[in-house]
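For reference, target.cif (mmCIF, C-alpha atoms):
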```cif
data_coords
#
loop_
_atom_site.label_atom_id
_atom_site.label_comp_id
_atom_site.auth_asym_id
_atom_site.auth_seq_id
_atom_site.Cartn_x
_atom_site.Cartn_y
_atom_site.Cartn_z
CA MET H 1 104.02 99.87 89.26
CA ILE H 2 105.42 101.88 92.17
CA VAL H 3 102.38 104.16 92.21
CA ALA H 4 100.00 101.18 91.97
CA LEU H 5 101.69 99.43 94.89
CA THR H 6 101.61 102.63 96.91
CA PHE H 7 97.87 102.99 96.33
CA THR H 8 97.20 99.32 97.09
CA SER H 9 99.01 99.59 100.42
CA LEU H 10 96.42 102.20 101.45
CA LEU H 11 93.47 99.84 101.12
CA GLY H 12 93.95 98.54 104.66
CA PHE H 13 93.56 101.81 106.57
CA PRO H 14 92.09 105.03 105.07
CA VAL H 15 89.09 103.31 103.49
CA ILE H 16 88.37 101.52 106.79
CA SER H 17 88.65 104.50 109.14
CA PRO H 18 85.21 106.05 108.38
CA ALA H 19 83.59 102.63 108.81
CA LEU H 20 84.78 102.20 112.41
CA PRO H 21 81.66 103.72 114.04
CA ALA H 22 79.39 101.58 111.84
CA ALA H 23 81.45 98.44 112.54
CA ARG H 24 81.39 99.25 116.26
CA ASP H 25 77.61 99.40 116.27
CA ALA H 26 77.04 96.41 113.96
CA LEU H 27 79.35 93.99 115.80
CA ASN H 28 78.87 95.43 119.30
CA ILE H 29 82.53 96.37 119.67
CA SER H 30 83.26 98.63 122.63
CA THR H 31 84.79 102.04 122.01
CA GLU H 32 88.00 101.07 123.82
CA ASN H 33 88.33 97.93 121.66
CA ILE H 34 87.49 99.43 118.27
CA GLY H 35 91.17 100.34 117.86
CA TRP H 36 91.93 96.63 117.50
CA VAL H 37 90.36 96.72 114.03
CA MET H 38 93.39 98.78 113.09
CA ALA H 39 95.91 97.32 115.54
CA SER H 40 95.27 93.70 114.54
CA TYR H 41 96.13 94.68 110.96
CA SER H 42 99.37 96.37 112.03
CA LEU H 43 100.47 93.72 114.52
CA PRO H 44 101.81 91.06 112.08
CA GLY H 45 104.03 93.70 110.49
CA LEU H 46 106.19 93.59 113.61
CA LEU H 47 107.44 90.20 112.46
CA PHE H 48 106.61 89.93 108.77
CA MET H 49 107.76 93.38 107.67
CA PRO H 50 111.46 92.85 108.51
CA LEU H 51 111.17 89.23 107.34
CA SER H 52 109.72 90.26 103.97
CA GLY H 53 112.50 92.83 103.55
CA LEU H 54 115.22 90.28 104.19
CA LEU H 55 113.59 87.72 101.87
CA ALA H 56 113.15 90.28 99.09
CA ASP H 57 116.80 91.33 99.25
CA ARG H 58 118.03 87.75 99.31
CA TYR H 59 115.64 86.03 96.86
CA GLY H 60 114.16 88.85 94.79
CA LYS H 61 111.27 91.26 95.18
CA ARG H 62 108.96 89.48 92.76
CA ARG H 63 108.89 86.28 94.82
CA VAL H 64 107.71 88.23 97.86
CA LEU H 65 105.42 90.75 96.19
CA PHE H 66 102.81 88.61 94.47
CA PRO H 67 101.96 86.17 97.28
CA SER H 68 101.67 89.17 99.57
CA MET H 69 99.14 90.87 97.28
CA PHE H 70 96.92 87.79 97.10
CA ILE H 71 96.94 87.25 100.87
CA PHE H 72 96.15 90.93 101.35
CA GLY H 73 93.23 90.90 98.90
CA LEU H 74 91.64 87.59 99.94
CA ALA H 75 91.81 88.19 103.69
CA GLY H 76 90.62 91.77 103.26
CA GLY H 77 87.61 90.65 101.26
CA ALA H 78 86.84 87.96 103.84
CA CYS H 79 86.58 90.66 106.52
CA SER H 80 83.29 91.65 104.90
CA LEU H 81 81.85 88.29 106.01
CA ALA H 82 82.97 88.51 109.66
CA PRO H 83 80.04 87.71 111.99
CA ASP H 84 81.68 89.01 115.16
CA GLN H 85 84.61 91.08 116.39
CA GLU H 86 86.87 88.09 117.06
CA THR H 87 86.61 86.88 113.46
CA LEU H 88 87.16 90.39 112.17
CA PHE H 89 90.31 90.79 114.25
CA VAL H 90 91.71 87.44 113.03
CA LEU H 91 91.04 88.22 109.36
CA ARG H 92 92.56 91.67 109.73
CA PHE H 93 95.65 90.00 111.24
CA ILE H 94 95.96 87.71 108.19
CA GLN H 95 95.45 90.68 105.87
CA GLY H 96 98.23 92.48 107.74
CA ILE H 97 100.61 89.62 106.94
CA GLY H 98 100.03 90.22 103.24
CA ALA H 99 100.30 93.98 103.68
CA SER H 100 103.72 93.76 105.33
CA ALA H 101 105.63 93.75 102.03
CA LEU H 102 103.57 96.20 99.98
CA SER H 103 104.62 99.52 101.50
CA THR H 104 108.23 98.31 101.74
CA LEU H 105 108.82 97.10 98.20
CA ASN H 106 107.46 100.21 96.50
CA VAL H 107 109.96 102.46 98.32
CA ALA H 108 112.86 100.03 97.82
CA MET H 109 112.10 100.02 94.07
CA VAL H 110 112.43 103.81 94.03
CA GLY H 111 115.92 103.39 95.49
CA ASP H 112 116.76 100.72 92.90
CA ARG H 113 115.74 102.79 89.89
CA PHE H 114 116.28 106.45 90.77
CA LYS H 115 119.09 108.55 92.23
CA GLY H 116 119.70 112.11 93.34
CA PRO H 117 117.04 114.70 92.44
CA ASP H 118 115.08 112.07 90.51
CA ARG H 119 114.77 110.02 93.69
CA VAL H 120 113.38 113.05 95.55
CA ARG H 121 110.98 113.74 92.69
CA VAL H 122 109.66 110.18 92.54
CA MET H 123 109.35 109.95 96.31
CA GLY H 124 107.33 113.15 96.06
CA PHE H 125 105.04 111.32 93.63
CA VAL H 126 104.79 108.44 96.09
CA GLY H 127 103.94 110.86 98.88
CA ALA H 128 101.36 112.60 96.69
CA THR H 129 99.83 109.22 95.82
CA GLN H 130 99.60 108.37 99.51
CA ASN H 131 97.80 111.61 100.17
CA ILE H 132 95.50 111.36 97.15
CA GLY H 133 94.58 107.85 98.22
CA SER H 134 94.19 109.00 101.80
CA GLY H 135 91.83 111.67 100.51
CA LEU H 136 89.73 109.66 98.10
CA LEU H 137 89.53 106.42 100.06
CA PRO H 138 87.92 107.89 103.20
CA LEU H 139 85.24 109.40 100.96
CA LEU H 140 84.70 106.01 99.39
CA GLY H 141 84.80 104.29 102.77
CA GLY H 142 82.31 106.75 104.26
CA ALA H 143 79.92 106.32 101.34
CA LEU H 144 80.16 102.53 101.46
CA ALA H 145 79.81 102.42 105.25
CA ALA H 146 76.64 104.49 104.96
CA VAL H 147 75.16 101.54 103.04
CA ALA H 148 76.63 98.71 105.16
CA TRP H 149 79.55 98.51 107.57
CA PHE H 150 81.30 95.69 105.70
CA TYR H 151 81.53 97.16 102.20
CA PRO H 152 84.72 99.21 102.84
CA PHE H 153 86.60 96.03 103.81
CA GLY H 154 85.87 94.45 100.43
CA VAL H 155 87.80 97.17 98.58
CA ALA H 156 91.04 95.34 99.41
CA MET H 157 90.13 92.69 96.83
CA LEU H 158 91.30 95.13 94.15
CA ALA H 159 94.80 93.88 95.00
CA ILE H 160 94.04 90.53 93.34
CA PRO H 161 93.45 91.73 89.74
CA LEU H 162 96.32 94.20 90.17
CA GLY H 163 98.62 91.36 91.20
CA LEU H 164 97.53 89.29 88.20
CA TYR H 165 98.11 92.26 85.90
CA MET H 166 101.63 92.73 87.24
CA ILE H 167 102.50 89.06 86.92
CA PHE H 168 101.59 88.85 83.24
CA THR H 169 102.28 92.31 81.86
CA MET H 170 104.80 94.27 83.95
CA GLU H 171 108.04 93.64 82.08
CA GLY H 172 110.08 95.57 84.64
CA VAL H 173 109.20 92.96 87.25
CA LYS H 174 109.95 90.04 84.94
CA ARG H 175 113.43 91.39 84.20
CA GLU H 176 114.35 91.83 87.82
CA ASN H 177 117.93 90.77 88.46
CA GLN H 178 118.22 88.14 91.12
CA PRO H 179 120.48 89.15 94.01
CA GLU H 180 123.81 87.46 94.44
CA LYS H 181 123.50 84.34 96.58
CA SER H 182 125.32 84.09 99.88
CA GLY H 183 125.04 82.02 103.01
CA ALA H 184 122.02 82.86 105.13
CA ARG H 185 124.10 83.45 108.26
CA ALA H 186 126.54 85.71 106.42
CA PHE H 187 123.69 87.66 104.85
CA LEU H 188 121.95 88.17 108.20
CA GLY H 189 125.21 89.25 109.80
CA HIS H 190 125.83 91.74 107.01
CA ALA H 191 122.28 93.11 107.35
CA TRP H 192 122.54 93.49 111.12
CA SER H 193 125.92 95.22 110.98
CA GLN H 194 124.56 97.79 108.51
CA LEU H 195 121.27 98.38 110.35
CA ASN H 196 122.81 98.73 113.80
CA ASN H 197 123.68 102.42 113.70
CA ARG H 198 122.31 105.61 115.19
CA ILE H 199 121.12 107.13 111.93
CA VAL H 200 118.79 104.23 111.17
CA LEU H 201 117.49 104.21 114.74
CA GLU H 202 116.76 107.94 114.59
CA LEU H 203 114.86 107.63 111.32
CA VAL H 204 112.85 104.68 112.67
CA PHE H 205 112.08 106.67 115.84
CA MET H 206 110.87 109.75 113.96
CA THR H 207 108.77 107.63 111.62
CA GLY H 208 107.19 105.85 114.56
CA GLY H 209 106.70 109.17 116.34
CA PHE H 210 104.61 110.92 113.73
CA ILE H 211 102.62 107.77 112.97
CA PHE H 212 101.94 107.13 116.68
CA ILE H 213 100.54 110.63 117.07
CA GLY H 214 98.59 110.83 113.84
CA PHE H 215 97.33 107.28 113.67
CA GLY H 216 96.03 107.10 117.21
CA ALA H 217 94.67 110.59 117.66
CA PHE H 218 93.59 111.38 114.10
CA ILE H 219 93.04 108.32 111.91
CA THR H 220 91.47 106.08 114.56
CA TYR H 221 89.75 108.44 116.98
CA ILE H 222 88.80 111.54 115.01
CA PRO H 223 85.94 109.53 113.40
CA LEU H 224 84.70 108.55 116.87
CA PHE H 225 85.24 112.09 118.18
CA LEU H 226 83.11 113.46 115.34
CA LYS H 227 80.43 110.83 115.90
CA ASP H 228 80.28 111.14 119.68
CA THR H 229 80.67 114.93 119.88
CA PHE H 230 78.74 116.20 116.85
CA ASP H 231 76.79 113.05 115.79
CA SER H 232 78.40 113.33 112.33
CA PRO H 233 77.22 110.82 109.69
CA ALA H 234 79.67 108.34 108.13
CA PHE H 235 80.00 110.16 104.81
CA PHE H 236 80.74 113.47 106.54
CA ILE H 237 83.37 111.75 108.68
CA GLY H 238 84.96 110.44 105.49
CA LEU H 239 84.90 113.97 104.04
CA ILE H 240 86.70 115.42 107.06
CA ILE H 241 89.37 112.72 107.03
CA ALA H 242 89.78 113.10 103.27
CA SER H 243 90.38 116.84 103.56
CA ARG H 244 93.87 116.15 104.92
CA SER H 245 94.94 115.01 101.47
CA THR H 246 94.61 118.52 100.02
CA MET H 247 97.57 119.86 101.96
CA GLY H 248 99.36 116.51 101.84
CA VAL H 249 99.32 116.40 98.04
CA LEU H 250 100.54 120.00 97.91
CA THR H 251 103.51 119.47 100.23
CA ALA H 252 104.51 116.07 98.81
CA SER H 253 104.28 117.16 95.17
CA GLN H 254 106.43 120.21 95.93
CA LEU H 255 109.05 118.27 97.88
CA THR H 256 111.73 118.70 95.22
CA ARG H 257 111.24 122.47 95.27
CA LEU H 258 111.10 122.60 99.07
CA THR H 259 114.38 120.70 99.42
CA ARG H 260 116.09 123.24 97.17
CA HIS H 261 115.31 126.04 99.64
CA PHE H 262 115.14 124.31 103.02
CA SER H 263 117.12 121.60 104.78
CA TYR H 264 115.47 118.33 105.79
CA ARG H 265 115.95 119.38 109.40
CA THR H 266 113.92 122.55 108.85
CA LEU H 267 111.22 120.73 106.92
CA ILE H 268 110.84 117.93 109.47
CA PHE H 269 110.86 120.33 112.43
CA SER H 270 108.17 122.45 110.75
CA ALA H 271 106.06 119.38 109.96
CA PHE H 272 106.05 118.17 113.57
CA PHE H 273 105.28 121.70 114.78
CA ALA H 274 102.30 121.96 112.39
CA MET H 275 101.03 118.60 113.61
CA SER H 276 101.25 119.85 117.21
CA VAL H 277 99.22 122.96 116.40
CA GLY H 278 96.59 120.91 114.60
CA MET H 279 96.12 118.45 117.46
CA ALA H 280 95.94 121.27 120.03
CA ALA H 281 93.08 122.84 118.05
CA VAL H 282 90.71 119.84 118.40
CA PRO H 283 89.47 120.57 121.97
CA PHE H 284 88.53 124.10 120.88
CA ALA H 285 86.36 123.00 117.95
CA ASP H 286 82.73 124.01 118.45
CA ASN H 287 81.54 122.38 115.23
CA ALA H 288 82.66 119.48 113.06
CA TRP H 289 83.87 121.68 110.21
CA MET H 290 86.65 123.10 112.39
CA ILE H 291 88.35 119.68 112.39
CA ILE H 292 89.32 120.38 108.78
CA PHE H 293 92.09 122.61 110.17
CA THR H 294 93.50 119.66 112.11
CA ALA H 295 93.19 117.48 109.03
CA MET H 296 95.11 120.01 106.93
CA CYS H 297 97.89 120.29 109.51
CA TYR H 298 98.24 116.53 109.74
CA GLY H 299 98.06 116.04 105.98
CA GLY H 300 100.67 118.70 105.28
CA ALA H 301 102.99 117.24 107.90
CA PHE H 302 102.51 113.73 106.50
CA GLY H 303 103.31 114.94 102.97
CA ILE H 304 106.70 116.13 104.19
CA LEU H 305 107.61 113.62 106.88
CA ARG H 306 106.87 110.33 105.15
CA PRO H 307 108.80 110.83 101.88
CA SER H 308 111.59 112.88 103.49
CA LEU H 309 112.45 110.21 106.06
CA GLN H 310 112.31 107.55 103.34
CA ILE H 311 114.65 109.52 101.07
CA ILE H 312 117.16 110.03 103.87
CA LEU H 313 117.06 106.30 104.62
CA LEU H 314 117.58 105.35 100.96
CA ASP H 315 120.57 107.71 100.81
CA HIS H 316 122.18 105.73 103.67
CA ALA H 317 121.11 102.22 102.58
CA PRO H 318 123.59 99.84 100.89
CA GLU H 319 122.47 98.81 97.41
CA ASP H 320 122.02 95.17 98.39
CA LEU H 321 119.96 95.99 101.50
CA ARG H 322 117.53 98.66 100.35
CA THR H 323 114.41 96.58 101.02
CA THR H 324 115.77 95.53 104.41
CA PHE H 325 116.45 99.16 105.35
CA VAL H 326 112.98 100.26 104.22
CA SER H 327 111.43 97.38 106.15
CA ALA H 328 113.27 98.60 109.27
CA LEU H 329 111.75 102.04 108.79
CA ASN H 330 108.34 100.54 108.23
CA LEU H 331 108.79 98.39 111.33
CA GLY H 332 108.79 101.60 113.34
CA LEU H 333 105.65 102.61 111.47
CA ARG H 334 103.94 99.28 112.21
CA ILE H 335 104.88 99.39 115.89
CA ALA H 336 103.32 102.84 116.09
CA GLN H 337 100.23 101.83 114.11
CA THR H 338 99.73 98.85 116.40
CA ALA H 339 100.32 100.65 119.67
CA ALA H 340 98.67 104.01 118.98
CA PRO H 341 95.01 102.89 118.73
CA VAL H 342 95.41 100.66 121.79
CA PHE H 343 97.03 103.35 123.93
CA ALA H 344 94.51 105.94 122.78
CA GLY H 345 91.65 103.56 123.64
CA LEU H 346 93.13 102.82 127.06
CA TYR H 347 93.52 106.54 127.69
CA LEU H 348 89.86 107.17 126.88
CA ILE H 349 88.78 104.65 129.52
CA VAL H 350 89.94 107.08 132.20
CA GLY H 351 90.39 110.32 130.21
CA THR H 352 88.56 112.50 127.73
CA TYR H 353 88.93 113.47 124.09
CA THR H 354 90.28 116.84 125.24
CA GLY H 355 93.09 115.21 127.18
CA LEU H 356 93.85 112.86 124.29
CA TYR H 357 94.42 115.68 121.82
CA ILE H 358 96.37 117.87 124.23
CA THR H 359 98.65 114.88 124.86
CA ALA H 360 99.05 114.36 121.12
CA ALA H 361 99.97 118.04 120.69
CA VAL H 362 102.63 117.80 123.42
CA LEU H 363 104.14 114.66 121.88
CA ALA H 364 104.31 116.31 118.44
CA GLY H 365 106.02 119.32 119.98
CA LEU H 366 108.62 117.08 121.63
CA MET H 367 109.25 115.36 118.29
CA ALA H 368 109.81 118.77 116.69
CA LEU H 369 112.47 119.55 119.30
CA TYR H 370 114.07 116.14 118.74
CA ALA H 371 114.36 116.87 115.01
CA LEU H 372 116.57 119.87 115.82
CA THR H 373 119.27 117.61 117.29
CA ALA H 374 119.02 114.42 115.19
CA ILE H 375 122.32 113.62 113.44
CA SER H 376 120.41 111.78 110.70
CA LEU H 377 119.10 115.15 109.47
CA ARG H 378 122.56 116.52 108.73
CA PRO H 379 123.26 116.90 104.98
CA VAL H 380 124.96 113.82 103.58
CA LYS H 381 126.32 112.73 100.26
CA GLU H 382 124.12 110.24 98.46
CA SER H 383 125.25 106.64 98.59
CA GLY H 384 124.43 103.92 96.10
#
```
Represent the supplied structure as structure tokens.
Amino acid sequence: MIVALTFTSLLGFPVISPALPAARDALNISTENIGWVMASYSLPGLLFMPLSGLLADRYGKRRVLFPSMFIFGLAGGACSLAPDQETLFVLRFIQGIGASALSTLNVAMVGDRFKGPDRVRVMGFVGATQNIGSGLLPLLGGALAAVAWFYPFGVAMLAIPLGLYMIFTMEGVKRENQPEKSGARAFLGHAWSQLNNRIVLELVFMTGGFIFIGFGAFITYIPLFLKDTFDSPAFFIGLIIASRSTMGVLTASQLTRLTRHFSYRTLIFSAFFAMSVGMAAVPFADNAWMIIFTAMCYGGAFGILRPSLQIILLDHAPEDLRTTFVSALNLGLRIAQTAAPVFAGLYLIVGTYTGLYITAAVLAGLMALYALTAISLRPVKESG
């Protein structure tokens, strides 16, 4: 169930990315506005992601999960019927409401059911699943977009039969223990007092940092860079984006082994540094194939950063607030996913692709330096 939810949460971004040039041309969306296809999906998470976390901890994960999956699938499928950019943006916003809980509940369930080395191992599986999906789905999206721009959006409807399957057959969900009831004001006060600390803020900041860099410069604008610079076809764009999963699967699947030999501080510093090198290489590419190097750097960094920051957060989260803590981390992710395409698009109004990727490299380098001083990356004893 955790793996299935992880994969479903990917149906809103990686499969769509290769379709952006085709959607831009079909609906007459300007290059500076194409980022709103992604940003409108991320935007509702700013409100609904923390809300879904609080509701899941107070009333139970099952009551939040299934409505979210149906909203996600129905609105995502409806995007295929959008006649203009305004309709597409609205439907993506509604789909983003449904998506707000998916990538939060899967991680919180890892914290509920696994501890210690097993938690690291399972989070490695989650990270590997994210990278496998991020590798396969751009290929699928590129192939579908080569037929028609709207087909990749319809893939989200897979969430509906998956939700039905979970409702009727997943015994682990049916046996979920309901959380202890308490007054709403007391619960919110307890949640705020636990969240309001430097360690959580640092983890949210680092999550937002690597997503801001990768999502704006790589996920959203590498497809347009390839199209505008090398006139790459949609399927080839999907292939380039998918290549990042090779290194991502390798690093995520080996996370347990890596943590035996290296501290989280070393791993996270190295991941940000690799991302910086990859972004700096883009302006020097003289053919489309060279972007595979950037994809591998970003994928490898993602395979370390995403699960590592989640594991550290789970180690600090109280048992009764795991979903709330994960939603806080994902709030940083959603803020970055919303802002990055918009800021990158605004930059390209006055700047160039070269400047965009040099800026991304500098930001990744600064994040690497920040990781060297973050107190959240000090070794801690597991809690819960």
| Chain and number of each residue from the PyMOL selection byres ((chain H and resi 80) around 8), as a PyMOL selection string | chain H and resi 76-79+81-82+150-154
| task | Record the distance separating CA of Thr256 in chain H and CA of Gln310 in chain H, expressed in Å with one decimal. | result |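 Separation between CA of Thr256 in chain H and CA of Gln310 in chain H: 13.8 Å.
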| Counting only C-alpha atoms, what is within 10 Å of Thr352 in chain H, bar same-chain residues fewer than 5 positions away, as a PyMOL selection string? | chain H and resi 283+347+357
| CA of Thr338 in chain H and CA of Ile71 in chain H are how many Å apart? |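 So the answer is 19.6 Å.
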I need the output of the PyMOL selection byres ((chain H and resi 20) around 10) for this file as a PDB file with C-alpha atoms, in the frame of the given file; which residues are they?
```pdb
ATOM      1  CA  VAL H  15      89.090 103.310 103.490  1.00  0.00           C
ATOM      2  CA  ILE H  16      88.370 101.520 106.790  1.00  0.00           C
ATOM      3  CA  SER H  17      88.650 104.500 109.140  1.00  0.00           C
ATOM      4  CA  PRO H  18      85.210 106.050 108.380  1.00  0.00           C
ATOM      5  CA  ALA H  19      83.590 102.630 108.810  1.00  0.00           C
ATOM      6  CA  PRO H  21      81.660 103.720 114.040  1.00  0.00           C
ATOM      7  CA  ALA H  22      79.390 101.580 111.840  1.00  0.00           C
ATOM      8  CA  ALA H  23      81.450  98.440 112.540  1.00  0.00           C
ATOM      9  CA  ARG H  24      81.390  99.250 116.260  1.00  0.00           C
ATOM     10  CA  ASP H  25      77.610  99.400 116.270  1.00  0.00           C
ATOM     11  CA  ALA H  26      77.040  96.410 113.960  1.00  0.00           C
ATOM     12  CA  ILE H  29      82.530  96.370 119.670  1.00  0.00           C
ATOM     13  CA  THR H  31      84.790 102.040 122.010  1.00  0.00           C
ATOM     14  CA  ILE H  34      87.490  99.430 118.270  1.00  0.00           C
ATOM     15  CA  GLY H  35      91.170 100.340 117.860  1.00  0.00           C
ATOM     16  CA  VAL H  37      90.360  96.720 114.030  1.00  0.00           C
ATOM     17  CA  MET H  38      93.390  98.780 113.090  1.00  0.00           C
ATOM     18  CA  GLY H 141      84.800 104.290 102.770  1.00  0.00           C
ATOM     19  CA  GLY H 142      82.310 106.750 104.260  1.00  0.00           C
ATOM     20  CA  ALA H 145      79.810 102.420 105.250  1.00  0.00           C
ATOM     21  CA  TRP H 149      79.550  98.510 107.570  1.00  0.00           C
ATOM     22  CA  PHE H 150      81.300  95.690 105.700  1.00  0.00           C
ATOM     23  CA  THR H 220      91.470 106.080 114.560  1.00  0.00           C
ATOM     24  CA  TYR H 221      89.750 108.440 116.980  1.00  0.00           C
ATOM     25  CA  PRO H 223      85.940 109.530 113.400  1.00  0.00           C
ATOM     26  CA  LEU H 224      84.700 108.550 116.870  1.00  0.00           C
ATOM     27  CA  ALA H 234      79.670 108.340 108.130  1.00  0.00           C
TER      28      ALA H 234
END
```
| task | Taking the file above as input, evaluate the PyMOL selection byres ((chain H and resi 94-100) around 7) and report the hits as a list of chain:residue names. | result |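 So the PyMOL selection byres ((chain H and resi 94-100) around 7) ends up selecting H:Ser9, H:Tyr41, H:Ser42, H:Pro44, H:Gly45, H:Phe48, H:Met49, H:Ser68, H:Met69, H:Ile71, H:Phe72, H:Ala75, H:Gly76, H:Val90, H:Leu91, H:Arg92, H:Phe93, H:Ala101, H:Leu102, H:Ser103.
Pairwise distance (CA of Ser327 in chain H, CA of Leu54 in chain H) equals 8.3 Å.
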